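File shown here: final_39.cif, holding mmCIF, C-alpha atoms.
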```
data_input
#
loop_
_atom_site.label_atom_id
_atom_site.label_comp_id
_atom_site.auth_asym_id
_atom_site.auth_seq_id
_atom_site.Cartn_x
_atom_site.Cartn_y
_atom_site.Cartn_z
CA MET E 1 35.78 94.00 57.53
CA ARG E 2 37.28 92.96 54.21
CA VAL E 3 36.60 89.36 53.19
CA ASN E 4 39.40 87.51 51.40
CA PRO E 5 37.89 86.44 48.03
CA ARG E 6 40.39 83.60 47.57
CA PRO E 7 38.44 80.92 49.54
CA ARG E 8 35.30 81.76 47.52
CA PHE E 9 37.26 81.47 44.28
CA ILE E 10 38.72 78.10 45.31
CA ALA E 11 35.30 76.85 46.35
CA SER E 12 33.83 77.92 43.02
CA VAL E 13 36.58 76.11 41.15
CA LEU E 14 36.06 72.96 43.22
CA ILE E 15 32.32 73.05 42.60
CA GLY E 16 32.94 73.51 38.88
CA VAL E 17 35.32 70.56 38.77
CA LEU E 18 32.82 68.47 40.69
CA LEU E 19 30.06 69.34 38.26
CA VAL E 20 32.26 68.41 35.30
CA VAL E 21 33.13 65.06 36.89
CA LEU E 22 29.49 64.39 37.68
CA GLY E 23 28.58 65.42 34.16
CA MET E 24 31.10 63.00 32.68
CA GLY E 25 29.65 60.25 34.84
CA ALA E 26 26.19 61.21 33.67
CA ILE E 27 27.33 61.00 30.05
CA ARG E 28 28.74 57.53 30.64
CA THR E 29 25.50 56.53 32.37
CA LEU E 30 23.52 58.02 29.49
CA ASP E 31 25.57 56.08 26.93
CA ARG E 32 24.93 52.84 28.75
CA ALA E 33 21.27 53.75 29.24
CA ARG E 34 20.94 54.39 25.52
CA ALA E 35 22.53 51.02 24.84
CA ALA E 36 20.11 49.39 27.26
CA ALA E 37 17.25 51.07 25.45
CA GLY E 38 18.06 49.08 22.33
CA SER E 39 20.19 51.17 19.99
CA LEU E 40 23.58 50.71 18.35
CA VAL E 41 26.10 52.60 20.49
CA ARG E 42 29.75 53.33 19.77
CA VAL E 43 32.17 52.77 22.63
CA GLY E 44 34.90 55.36 22.34
CA SER E 45 37.51 53.69 24.53
CA PHE E 46 37.41 49.99 25.35
CA GLY E 47 40.99 49.26 26.37
CA SER E 48 43.95 48.04 24.35
CA ASN E 49 43.27 48.50 20.63
CA PRO E 50 46.38 47.49 18.65
CA GLY E 51 44.28 46.75 15.57
CA ALA E 52 42.75 50.26 15.50
CA LEU E 53 39.18 48.94 15.25
CA ALA E 54 35.97 50.68 16.31
CA MET E 55 33.58 49.06 18.79
CA TYR E 56 29.79 49.20 18.64
CA THR E 57 27.39 47.51 21.04
CA TYR E 58 23.74 46.57 21.15
CA THR E 59 22.15 45.78 24.50
CA PRO E 60 18.49 44.70 24.50
CA THR E 61 16.15 45.99 27.18
CA ASN E 62 15.50 42.45 28.41
CA LEU E 63 19.16 41.57 29.02
CA ALA E 64 19.24 39.22 31.99
CA ALA E 65 22.01 38.64 34.49
CA ASN E 66 24.66 36.19 33.30
CA ALA E 67 23.66 36.74 29.67
CA PRO E 68 25.37 35.35 26.55
CA LEU E 69 27.45 37.63 24.32
CA VAL E 70 27.70 37.44 20.51
CA VAL E 71 30.43 39.25 18.56
CA ALA E 72 29.41 39.87 14.91
CA LEU E 73 32.00 40.82 12.28
CA HIS E 74 30.89 42.52 9.04
CA GLY E 75 32.20 41.69 5.57
CA CYS E 76 34.29 43.76 3.17
CA THR E 77 32.78 47.14 2.10
CA GLN E 78 30.37 46.88 5.04
CA THR E 79 30.06 48.60 8.42
CA ALA E 80 28.97 47.61 11.88
CA ASN E 81 25.66 49.36 11.21
CA ASP E 82 25.11 47.28 8.06
CA TYR E 83 25.49 44.06 10.01
CA TYR E 84 23.35 45.39 12.85
CA THR E 85 20.61 46.44 10.42
CA HIS E 86 20.41 43.43 8.12
CA SER E 87 21.85 40.28 9.73
CA GLY E 88 18.96 39.61 12.12
CA TRP E 89 21.18 39.41 15.19
CA ALA E 90 19.56 42.46 16.83
CA GLU E 91 16.10 40.88 16.43
CA LEU E 92 17.33 37.68 18.03
CA ALA E 93 19.02 39.59 20.86
CA ASP E 94 15.68 41.27 21.60
CA ARG E 95 13.90 37.92 21.49
CA TYR E 96 16.33 35.85 23.56
CA GLY E 97 18.07 38.46 25.71
CA PHE E 98 21.76 38.36 24.81
CA ALA E 99 24.28 41.17 24.24
CA LEU E 100 25.93 42.04 20.93
CA VAL E 101 29.26 43.57 19.93
CA PHE E 102 29.85 44.77 16.37
CA PRO E 103 33.54 45.49 15.66
CA GLN E 104 34.15 47.81 12.72
CA GLN E 105 37.09 47.93 10.36
CA SER E 106 38.36 51.26 8.98
CA SER E 107 39.41 52.24 5.49
CA ALA E 108 42.70 53.38 7.02
CA ASN E 109 43.44 49.74 7.87
CA ASN E 110 42.06 48.30 4.63
CA ASN E 111 40.69 50.29 1.71
CA LEU E 112 37.79 47.83 1.32
CA GLN E 113 37.20 47.69 5.09
CA CYS E 114 38.02 43.96 5.22
CA PHE E 115 39.18 42.48 8.50
CA ASP E 116 42.78 41.33 8.12
CA TRP E 117 42.46 37.56 8.49
CA TYR E 118 45.65 36.69 6.57
CA THR E 119 48.40 38.75 8.23
CA PRO E 120 50.05 37.14 11.28
CA SER E 121 50.51 40.49 13.00
CA ASP E 122 46.75 41.08 12.88
CA ASP E 123 45.11 37.66 13.16
CA GLY E 124 47.22 36.01 15.91
CA ARG E 125 46.60 35.65 19.61
CA ASP E 126 47.13 38.90 21.54
CA VAL E 127 48.22 40.91 18.49
CA GLY E 128 46.58 43.36 16.07
CA GLU E 129 42.92 43.14 15.20
CA ALA E 130 42.42 39.86 17.03
CA ALA E 131 43.62 41.45 20.27
CA SER E 132 41.29 44.43 19.69
CA VAL E 133 38.30 42.11 19.43
CA LYS E 134 39.39 40.34 22.63
CA SER E 135 39.54 43.77 24.34
CA MET E 136 35.94 44.42 23.26
CA VAL E 137 34.87 41.14 24.85
CA ASP E 138 36.71 42.04 28.06
CA TYR E 139 35.07 45.48 28.08
CA GLU E 140 31.57 44.00 27.84
CA LYS E 141 32.36 41.48 30.57
CA SER E 142 33.41 44.33 32.86
CA HIS E 143 30.37 46.52 32.09
CA LEU E 144 27.56 43.95 31.78
CA SER E 145 26.65 40.70 33.51
CA ILE E 146 28.03 38.29 30.87
CA ASP E 147 28.29 34.52 31.18
CA ALA E 148 31.95 33.82 30.37
CA ALA E 149 31.00 30.31 29.26
CA ARG E 150 28.59 31.63 26.59
CA ILE E 151 30.60 34.00 24.43
CA PHE E 152 30.33 33.48 20.67
CA VAL E 153 31.66 35.02 17.47
CA THR E 154 30.32 35.10 13.92
CA GLY E 155 31.11 36.93 10.69
CA LEU E 156 30.73 37.22 6.93
CA SER E 157 33.46 36.71 4.33
CA ALA E 158 36.61 38.40 5.69
CA GLY E 159 34.70 38.66 8.97
CA GLY E 160 33.98 34.94 8.72
CA ALA E 161 37.65 34.17 8.11
CA MET E 162 38.60 36.34 11.09
CA THR E 163 35.94 34.50 13.11
CA VAL E 164 37.68 31.12 12.80
CA ASP E 165 41.08 32.76 13.38
CA LEU E 166 39.63 34.08 16.66
CA LEU E 167 38.34 30.61 17.57
CA ALA E 168 41.85 29.25 17.01
CA ASP E 169 43.48 32.16 18.88
CA TYR E 170 41.08 32.20 21.83
CA PRO E 171 39.51 28.77 22.41
CA ASP E 172 39.62 29.73 26.08
CA VAL E 173 37.31 32.70 25.40
CA PHE E 174 34.78 31.60 22.78
CA ALA E 175 32.29 28.76 23.28
CA GLY E 176 31.29 28.69 19.62
CA GLY E 177 31.61 30.36 16.26
CA ALA E 178 29.84 30.65 12.93
CA THR E 179 31.39 31.59 9.60
CA ASP E 180 29.28 32.80 6.67
CA SER E 181 31.05 32.48 3.29
CA GLY E 182 34.32 32.25 5.21
CA LEU E 183 37.62 30.41 4.94
CA PRO E 184 39.57 27.95 7.12
CA ALA E 185 41.58 29.26 10.05
CA GLN E 186 45.11 30.28 9.13
CA CYS E 187 44.65 29.45 5.45
CA ALA E 188 46.91 32.33 4.34
CA THR E 189 49.75 34.53 5.57
CA SER E 190 49.76 37.03 2.68
CA GLN E 191 47.29 38.72 0.35
CA THR E 192 48.41 36.55 -2.56
CA GLN E 193 47.82 33.40 -0.56
CA ALA E 194 44.47 34.80 0.58
CA THR E 195 43.23 35.07 -3.01
CA ASN E 196 44.40 31.52 -3.69
CA CYS E 197 42.54 30.29 -0.61
CA GLN E 198 39.34 32.00 -1.70
CA GLN E 199 39.32 30.32 -5.11
CA ASN E 200 41.17 27.01 -4.88
CA ASP E 201 41.37 23.70 -3.09
CA GLN E 202 44.47 23.75 -0.86
CA HIS E 203 44.81 19.93 -0.94
CA LEU E 204 45.39 19.61 2.81
CA THR E 205 44.26 16.66 4.91
CA PRO E 206 41.89 17.21 7.85
CA ALA E 207 44.83 16.62 10.20
CA GLN E 208 46.89 19.28 8.43
CA TRP E 209 44.03 21.76 8.66
CA ALA E 210 43.59 20.98 12.36
CA ALA E 211 47.31 21.56 12.96
CA ARG E 212 46.88 25.14 11.72
CA VAL E 213 44.26 25.73 14.39
CA ARG E 214 46.38 24.29 17.16
CA SER E 215 49.45 26.26 16.05
CA SER E 216 47.63 29.49 16.93
CA TYR E 217 47.82 28.63 20.64
CA PRO E 218 50.35 25.79 20.97
CA SER E 219 50.29 25.55 24.78
CA TYR E 220 46.51 25.21 24.96
CA ALA E 221 45.27 21.79 26.10
CA GLY E 222 41.54 22.39 26.58
CA GLY E 223 38.46 21.89 24.43
CA TYR E 224 37.67 23.84 21.27
CA PRO E 225 34.54 25.81 20.32
CA ARG E 226 31.59 24.42 18.37
CA VAL E 227 31.48 25.68 14.79
CA ALA E 228 28.65 26.37 12.31
CA ILE E 229 29.69 26.74 8.65
CA TRP E 230 27.44 28.51 6.12
CA GLN E 231 28.25 28.26 2.42
CA GLY E 232 26.39 29.01 -0.81
CA THR E 233 26.87 26.55 -3.67
CA SER E 234 27.07 29.42 -6.19
CA ASP E 235 29.54 31.58 -4.28
CA PHE E 236 32.24 32.69 -6.73
CA VAL E 237 33.95 35.07 -4.30
CA VAL E 238 34.74 32.51 -1.61
CA TYR E 239 34.34 29.25 -3.49
CA PRO E 240 32.32 26.34 -2.00
CA VAL E 241 35.47 24.25 -1.47
CA ASN E 242 36.09 26.46 1.56
CA GLY E 243 33.00 25.04 3.25
CA THR E 244 34.39 21.54 2.81
CA GLU E 245 37.82 22.59 4.06
CA LEU E 246 36.26 24.25 7.11
CA ARG E 247 34.30 21.05 7.79
CA ASP E 248 37.51 19.01 7.51
CA GLN E 249 39.41 21.40 9.76
CA TRP E 250 36.99 21.60 12.65
CA THR E 251 35.86 17.97 12.67
CA ALA E 252 39.55 17.04 12.91
CA VAL E 253 40.12 19.57 15.68
CA HIS E 254 37.33 17.86 17.64
CA GLY E 255 38.58 14.38 16.78
CA LEU E 256 35.49 13.56 14.73
CA SER E 257 35.05 11.65 11.50
CA GLN E 258 34.18 13.54 8.33
CA THR E 259 31.26 11.11 7.92
CA PRO E 260 28.04 12.94 8.85
CA SER E 261 26.08 11.97 11.94
CA SER E 262 22.87 13.26 10.32
CA THR E 263 21.61 15.23 7.34
CA GLN E 264 18.50 17.40 7.32
CA THR E 265 16.76 19.54 4.69
CA LEU E 266 15.78 23.02 5.86
CA THR E 267 14.04 25.95 4.18
CA GLY E 268 15.66 27.98 1.40
CA GLY E 269 17.31 25.02 -0.31
CA THR E 270 19.51 24.49 2.73
CA THR E 271 21.06 21.16 3.64
CA GLN E 272 22.22 20.87 7.24
CA THR E 273 24.88 18.25 8.00
CA LEU E 274 25.87 17.56 11.59
CA TYR E 275 28.96 15.97 13.09
CA ASN E 276 28.33 14.75 16.63
CA ASP E 277 30.51 13.65 19.49
CA ALA E 278 30.03 10.31 21.25
CA SER E 279 27.25 11.76 23.44
CA GLY E 280 25.26 12.86 20.39
CA THR E 281 26.04 16.57 20.78
CA PRO E 282 26.73 18.32 17.44
CA LEU E 283 30.12 20.03 17.52
CA VAL E 284 30.30 20.96 13.83
CA ALA E 285 27.42 21.92 11.53
CA LEU E 286 27.71 22.53 7.78
CA PHE E 287 24.86 24.44 6.11
CA SER E 288 25.02 24.30 2.31
CA ILE E 289 22.58 26.63 0.53
CA SER E 290 21.72 25.60 -3.01
CA GLY E 291 22.14 28.39 -5.57
CA MET E 292 23.20 31.07 -3.09
CA GLY E 293 26.06 33.41 -3.95
CA HIS E 294 28.33 35.35 -1.61
CA GLY E 295 26.70 36.73 1.50
CA THR E 296 24.90 36.16 4.77
CA ALA E 297 21.64 34.25 4.40
CA VAL E 298 18.59 36.05 5.83
CA HIS E 299 14.87 35.37 5.60
CA PRO E 300 12.69 38.40 6.46
CA GLY E 301 9.40 37.68 8.15
CA SER E 302 7.67 37.19 11.49
CA ALA E 303 7.91 33.41 11.92
CA ALA E 304 10.15 32.09 14.69
CA ASP E 305 12.79 30.93 12.21
CA GLN E 306 12.78 34.14 10.14
CA CYS E 307 14.92 37.25 10.65
CA GLY E 308 16.96 39.95 8.97
CA SER E 309 16.46 42.10 5.91
CA THR E 310 17.88 42.01 2.41
CA GLY E 311 20.70 44.28 1.26
CA ALA E 312 24.13 44.11 -0.32
CA TYR E 313 25.48 40.66 0.63
CA PHE E 314 22.36 39.86 2.67
CA LEU E 315 20.50 37.26 0.60
CA ASP E 316 16.97 35.94 1.14
CA TYR E 317 17.21 32.16 1.62
CA ILE E 318 17.13 31.18 5.31
CA CYS E 319 17.73 33.03 8.57
CA SER E 320 21.28 31.80 9.17
CA SER E 321 21.54 33.85 12.37
CA TYR E 322 18.53 32.07 13.88
CA TYR E 323 19.82 28.59 13.07
CA THR E 324 23.25 29.55 14.35
CA ALA E 325 21.72 30.77 17.63
CA LEU E 326 19.78 27.50 17.82
CA PHE E 327 22.98 25.51 17.25
CA TRP E 328 24.72 27.46 20.02
CA GLY E 329 21.82 26.91 22.42
CA LEU E 330 20.84 30.58 22.69
CA THR E 331 17.18 30.13 21.80
CA GLY E 332 16.17 27.99 24.78
CA PRO E 333 14.53 24.57 24.54
CA SER E 334 11.02 26.02 24.26
CA GLN E 335 11.87 28.08 21.19
CA SER E 336 12.18 25.35 18.56
CA PRO E 337 10.35 26.75 15.55
CA THR E 338 7.49 25.73 13.40
CA SER E 339 9.62 26.13 10.30
CA THR E 340 8.41 28.02 7.26
CA ALA E 341 9.42 24.86 5.37
CA PRO E 342 9.08 21.76 7.59
CA PRO E 343 12.44 19.94 7.63
CA THR E 344 12.94 16.36 6.65
CA SER E 345 15.75 14.26 8.02
CA THR E 346 17.64 11.12 7.27
CA ALA E 347 18.79 8.64 9.86
CA PRO E 348 22.33 8.91 11.10
CA PRO E 349 24.56 6.44 9.23
CA THR E 350 25.65 3.32 11.06
CA SER E 351 29.18 4.71 11.29
CA SER E 352 28.05 7.68 13.39
CA PRO E 353 28.71 7.65 17.15
CA THR E 354 26.27 5.57 19.14
CA GLN E 355 25.30 6.68 22.61
CA THR E 356 25.02 3.97 25.23
CA PRO E 357 23.98 5.40 28.60
CA THR E 358 25.67 3.68 31.52
CA GLY E 359 24.23 5.42 34.53
CA THR E 360 22.48 8.41 35.97
CA PRO E 361 22.83 11.63 33.94
CA THR E 362 24.82 14.33 35.69
CA THR E 363 22.31 17.12 35.01
CA ALA E 364 20.57 18.29 38.16
CA GLY E 365 17.04 16.97 38.35
CA SER E 366 17.54 14.37 35.64
CA PRO E 367 15.78 11.00 35.95
CA THR E 368 17.45 7.69 36.65
CA PRO E 369 17.57 5.07 33.84
CA THR E 370 15.59 1.94 34.54
CA GLY E 371 15.63 -1.61 33.19
CA THR E 372 14.52 -2.29 29.60
CA PRO E 373 11.52 -4.52 28.70
CA THR E 374 12.28 -7.05 26.01
CA ALA E 375 9.24 -6.50 23.76
CA THR E 376 9.91 -4.98 20.31
CA GLY E 377 7.84 -2.20 18.75
CA PRO E 378 8.14 0.67 16.24
CA CYS E 379 11.49 2.40 15.68
CA VAL E 380 11.51 6.17 14.99
CA VAL E 381 14.33 8.51 13.92
CA ALA E 382 13.73 12.16 14.88
CA SER E 383 15.16 15.17 16.67
CA ASN E 384 14.98 15.33 20.45
CA TYR E 385 12.39 18.08 20.16
CA ALA E 386 10.21 15.94 17.87
CA HIS E 387 10.53 12.94 20.21
CA THR E 388 9.20 14.99 23.13
CA ARG E 389 6.38 16.46 21.05
CA ALA E 390 5.32 12.96 19.98
CA GLY E 391 5.37 11.57 23.51
CA ARG E 392 8.39 9.30 23.09
CA ALA E 393 10.62 11.35 25.39
CA HIS E 394 10.53 14.15 27.94
CA GLN E 395 12.85 16.97 28.92
CA ALA E 396 14.28 18.19 32.19
CA SER E 397 16.73 21.06 32.76
CA GLY E 398 17.27 21.45 29.02
CA LYS E 399 18.12 17.80 28.38
CA THR E 400 16.03 15.01 26.83
CA TYR E 401 15.29 11.55 28.24
CA ALA E 402 13.55 8.59 26.63
CA ASP E 403 10.17 7.79 28.19
CA GLY E 404 10.24 4.67 30.33
CA SER E 405 13.97 3.94 30.17
CA ASN E 406 15.03 7.51 31.05
CA GLN E 407 18.08 7.12 28.80
CA ASP E 408 19.92 10.40 28.23
CA LEU E 409 19.42 11.71 24.66
CA GLY E 410 21.39 14.92 25.09
CA LEU E 411 20.30 18.53 24.57
CA TRP E 412 16.63 19.33 23.94
CA ASN E 413 16.62 20.93 20.47
CA THR E 414 16.03 20.18 16.80
CA PHE E 415 19.69 19.43 16.04
CA VAL E 416 20.34 16.32 18.13
CA ILE E 417 18.80 13.33 16.36
CA HIS E 418 18.32 9.83 17.77
CA ALA E 419 16.51 6.63 16.87
CA LEU E 420 14.12 5.40 19.57
CA ARG E 421 12.51 1.95 19.63
CA GLN E 422 9.39 1.15 21.64
CA THR E 423 9.93 -1.97 23.75
CA GLY E 424 6.79 -1.77 25.88
CA PRO E 425 3.83 0.46 26.77
CA ASP E 426 5.21 4.02 27.13
CA TYR E 427 8.74 2.57 27.13
CA TRP E 428 11.37 3.70 24.61
CA VAL E 429 15.08 2.93 24.29
CA ILE E 430 17.89 4.36 22.16
CA ALA E 431 18.24 2.44 18.89
CA ASP E 432 20.72 4.52 16.87
CA GLY E 433 21.70 2.72 13.65
CA GLN E 434 19.01 0.06 14.14
CA CYS E 435 15.92 1.59 12.50
#
```

What's the structure tokens form of this structure?
Amino acid sequence: MRVNPRPRFIASVLIGVLLVVLGMGAIRTLDRARAAAGSLVRVGSFGSNPGALAMYTYTPTNLAANAPLVVALHGCTQTANDYYTHSGWAELADRYGFALVFPQQSSANNNLQCFDWYTPSDDGRDVGEAASVKSMVDYEKSHLSIDAARIFVTGLSAGGAMTVDLLADYPDVFAGGATDSGLPAQCATSQTQATNCQQNDQHLTPAQWAARVRSSYPSYAGGYPRVAIWQGTSDFVVYPVNGTELRDQWTAVHGLSQTPSSTQTLTGGTTQTLYNDASGTPLVALFSISGMGHGTAVHPGSAADQCGSTGAYFLDYICSSYYTALFWGLTGPSQSPTSTAPPTSTAPPTSSPTQTPTGTPTTAGSPTPTGTPTATGPCVVASNYAHTRAGRAHQASGKTYADGSNQDLGLWNTFVIHALRQTGPDYWVIADGQC
């Protein structure tokens, strides 16, 4: 009996197709597995890419469910691998368990590989390079367990300028941003204007700067991201006036005064100036680094507040990535460092917002404020972390409460600073502006 070979041929073809499909799935699984193993991985297709950017990811092995995501944009003449290698963000992702995306510019887009932060067709909401970065965020959210409320963006120079453009374009996506040697959002709409912005004071009021942010998404009525600004005092590529203009812009966006809430000296000749809301939460931080030129500040070493490695435009002063992560709340309350140069702080000026608790904090598990004894004792100005270490306060669920009175001091970290006065044995009350 002669057997018709056609069914066997069809079966062979079907098996071959199945193997190819399974193989493609295995490749995708392998790519993700390699990412999970802690290496920089290129994502070939991540959705809509009108800006023609490349996407690279880094996923630490300890990535938890509902993890934060940080997008890190390189500077001109750099690559995603440069920023991955030197900035310190990969070290911090390993330490604290968050995901990273490194967009990469191409020389076809810009011969110096600068992100295009000054062309409306590239830096606006849902267009060009800005839309490509948003697609990368959406891709990670669909492939990893990402907390949509903890997505952040940072960048150097042109990447820093694109960072604040993204914050203006997508305040509904990003919870915070950090710009290193960057420029104000929507400072320029042409290359000629961009050069002028880099070098000169634009003579705009804070309200005028804020209007440029709001014009990026006119229908938006929600809150805006927290912003950290890093600027070297000897930067002659993006002049220091840009740090001041960024401060003016984002304090005005948040409805804050340009008068600092507190000033603190950190390692590497760095002065940290905070601008807090009425609850004492810093919404804008300006880090001015004495003598530093153009670049991202790093500080190689093994201490908790050290990270990164030196290279072209990676300058050894302070680990800016660590202090940015701390400002964003990515390090956890137990991770406040023993700094390589213990910081000193000054009391918030009397014009800074004063917190007056009026009832039970809303945080789950928080204590209930109690009546205040009338006795008067020492008055101490310090960070919330320092208050807890010294026994003047305690923390619960990531927030800080004064011992005895249980008054809400805000987030438990080294950035939020309050004055506490002792009014009885083991009893402290908020005394901002009184010490």

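For the pair CA of Thr296 (chain E) and CA of Ser320 (chain E), the separation is 7.2 Å.
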
Report summary line: With distances taken over only C-alpha atoms, the candidate from E:Ile146, E:Val380, E:Val238, E:Cys76 nearest Ala194 (chain E) is E:Val238

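Here the PyMOL selection byres ((chain E and resi 159-172) around 6) matches the residues Leu73, His74, Gly75, Phe115, Trp117, Arg125, Thr154, Gly155, Leu156, Ser157, Ala158, Val173, Phe174, Thr179, Asp180, Gly182, Leu183, Ala185, Val213, Ser216, Tyr217 and Tyr224 of chain E.
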
Report summary line: Using all atoms listed in the file, the residue out of E:Pro300, E:Gly391, E:Gly308, E:Gly47 with shortest distance to Asp138 (chain E) is E:Gly47

Report task. Give me the residues within 8 Å of Gly176 (chain E) as a list in words, counting all atoms listed in the file and dropping any in the same chain fewer than 2 places off. Result ->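 The contact residues come out as Ile151, Phe152, Val153, Leu167, Phe174, Ala178, Pro225, Arg226, Val227 and Trp328 of chain E.
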
Requested in this report: I would like the residues chosen by the PyMOL selection byres ((chain E and resi 103-112) around 10) on the shown file; could you give them as a count of residues only?
Outcome: 32

Generate the coordinates of N, CA and C atoms for region 244-265 of chain E; report them as a short mmCIF file (atom, residue, chain, number, x, y, z; two decimals), keeping the file's coordinate frame.
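Written output follows (out_12.cif):
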```cif
data_model
loop_
_atom_site.label_atom_id
_atom_site.label_comp_id
_atom_site.auth_asym_id
_atom_site.auth_seq_id
_atom_site.Cartn_x
_atom_site.Cartn_y
_atom_site.Cartn_z
N THR E 244 33.89 22.90 2.59
CA THR E 244 34.39 21.54 2.81
C THR E 244 35.67 21.56 3.64
N GLU E 245 36.56 22.50 3.32
CA GLU E 245 37.82 22.59 4.06
C GLU E 245 37.56 22.98 5.52
N LEU E 246 36.62 23.89 5.75
CA LEU E 246 36.26 24.25 7.11
C LEU E 246 35.69 23.04 7.86
N ARG E 247 34.83 22.28 7.17
CA ARG E 247 34.30 21.05 7.79
C ARG E 247 35.44 20.10 8.17
N ASP E 248 36.38 19.89 7.24
CA ASP E 248 37.51 19.01 7.51
C ASP E 248 38.34 19.51 8.69
N GLN E 249 38.58 20.81 8.71
CA GLN E 249 39.41 21.40 9.76
C GLN E 249 38.82 21.20 11.14
N TRP E 250 37.55 21.56 11.29
CA TRP E 250 36.99 21.60 12.65
C TRP E 250 36.50 20.24 13.12
N THR E 251 36.12 19.34 12.22
CA THR E 251 35.86 17.97 12.67
C THR E 251 37.15 17.34 13.17
N ALA E 252 38.26 17.59 12.47
CA ALA E 252 39.55 17.04 12.91
C ALA E 252 40.00 17.65 14.23
N VAL E 253 39.78 18.94 14.41
CA VAL E 253 40.12 19.57 15.68
C VAL E 253 39.39 18.88 16.83
N HIS E 254 38.14 18.51 16.60
CA HIS E 254 37.33 17.86 17.64
C HIS E 254 37.52 16.34 17.67
N GLY E 255 38.36 15.82 16.80
CA GLY E 255 38.58 14.38 16.78
C GLY E 255 37.42 13.59 16.22
N LEU E 256 36.67 14.20 15.30
CA LEU E 256 35.49 13.56 14.73
C LEU E 256 35.78 13.08 13.31
N SER E 257 34.99 12.11 12.88
CA SER E 257 35.05 11.65 11.50
C SER E 257 34.42 12.69 10.58
N GLN E 258 34.82 12.67 9.32
CA GLN E 258 34.18 13.54 8.33
C GLN E 258 32.90 12.91 7.78
N THR E 259 32.53 11.75 8.28
CA THR E 259 31.26 11.11 7.92
C THR E 259 30.14 11.75 8.73
N PRO E 260 29.09 12.25 8.11
CA PRO E 260 28.04 12.94 8.85
C PRO E 260 27.33 12.05 9.87
N SER E 261 26.94 12.65 10.98
CA SER E 261 26.08 11.97 11.94
C SER E 261 24.62 12.04 11.52
N SER E 262 24.23 13.12 10.83
CA SER E 262 22.87 13.26 10.32
C SER E 262 22.84 14.33 9.25
N THR E 263 21.84 14.24 8.39
CA THR E 263 21.61 15.23 7.34
C THR E 263 20.15 15.61 7.35
N GLN E 264 19.87 16.90 7.23
CA GLN E 264 18.50 17.40 7.32
C GLN E 264 18.29 18.50 6.28
N THR E 265 17.11 18.51 5.66
CA THR E 265 16.76 19.54 4.69
C THR E 265 15.97 20.64 5.39
#
```
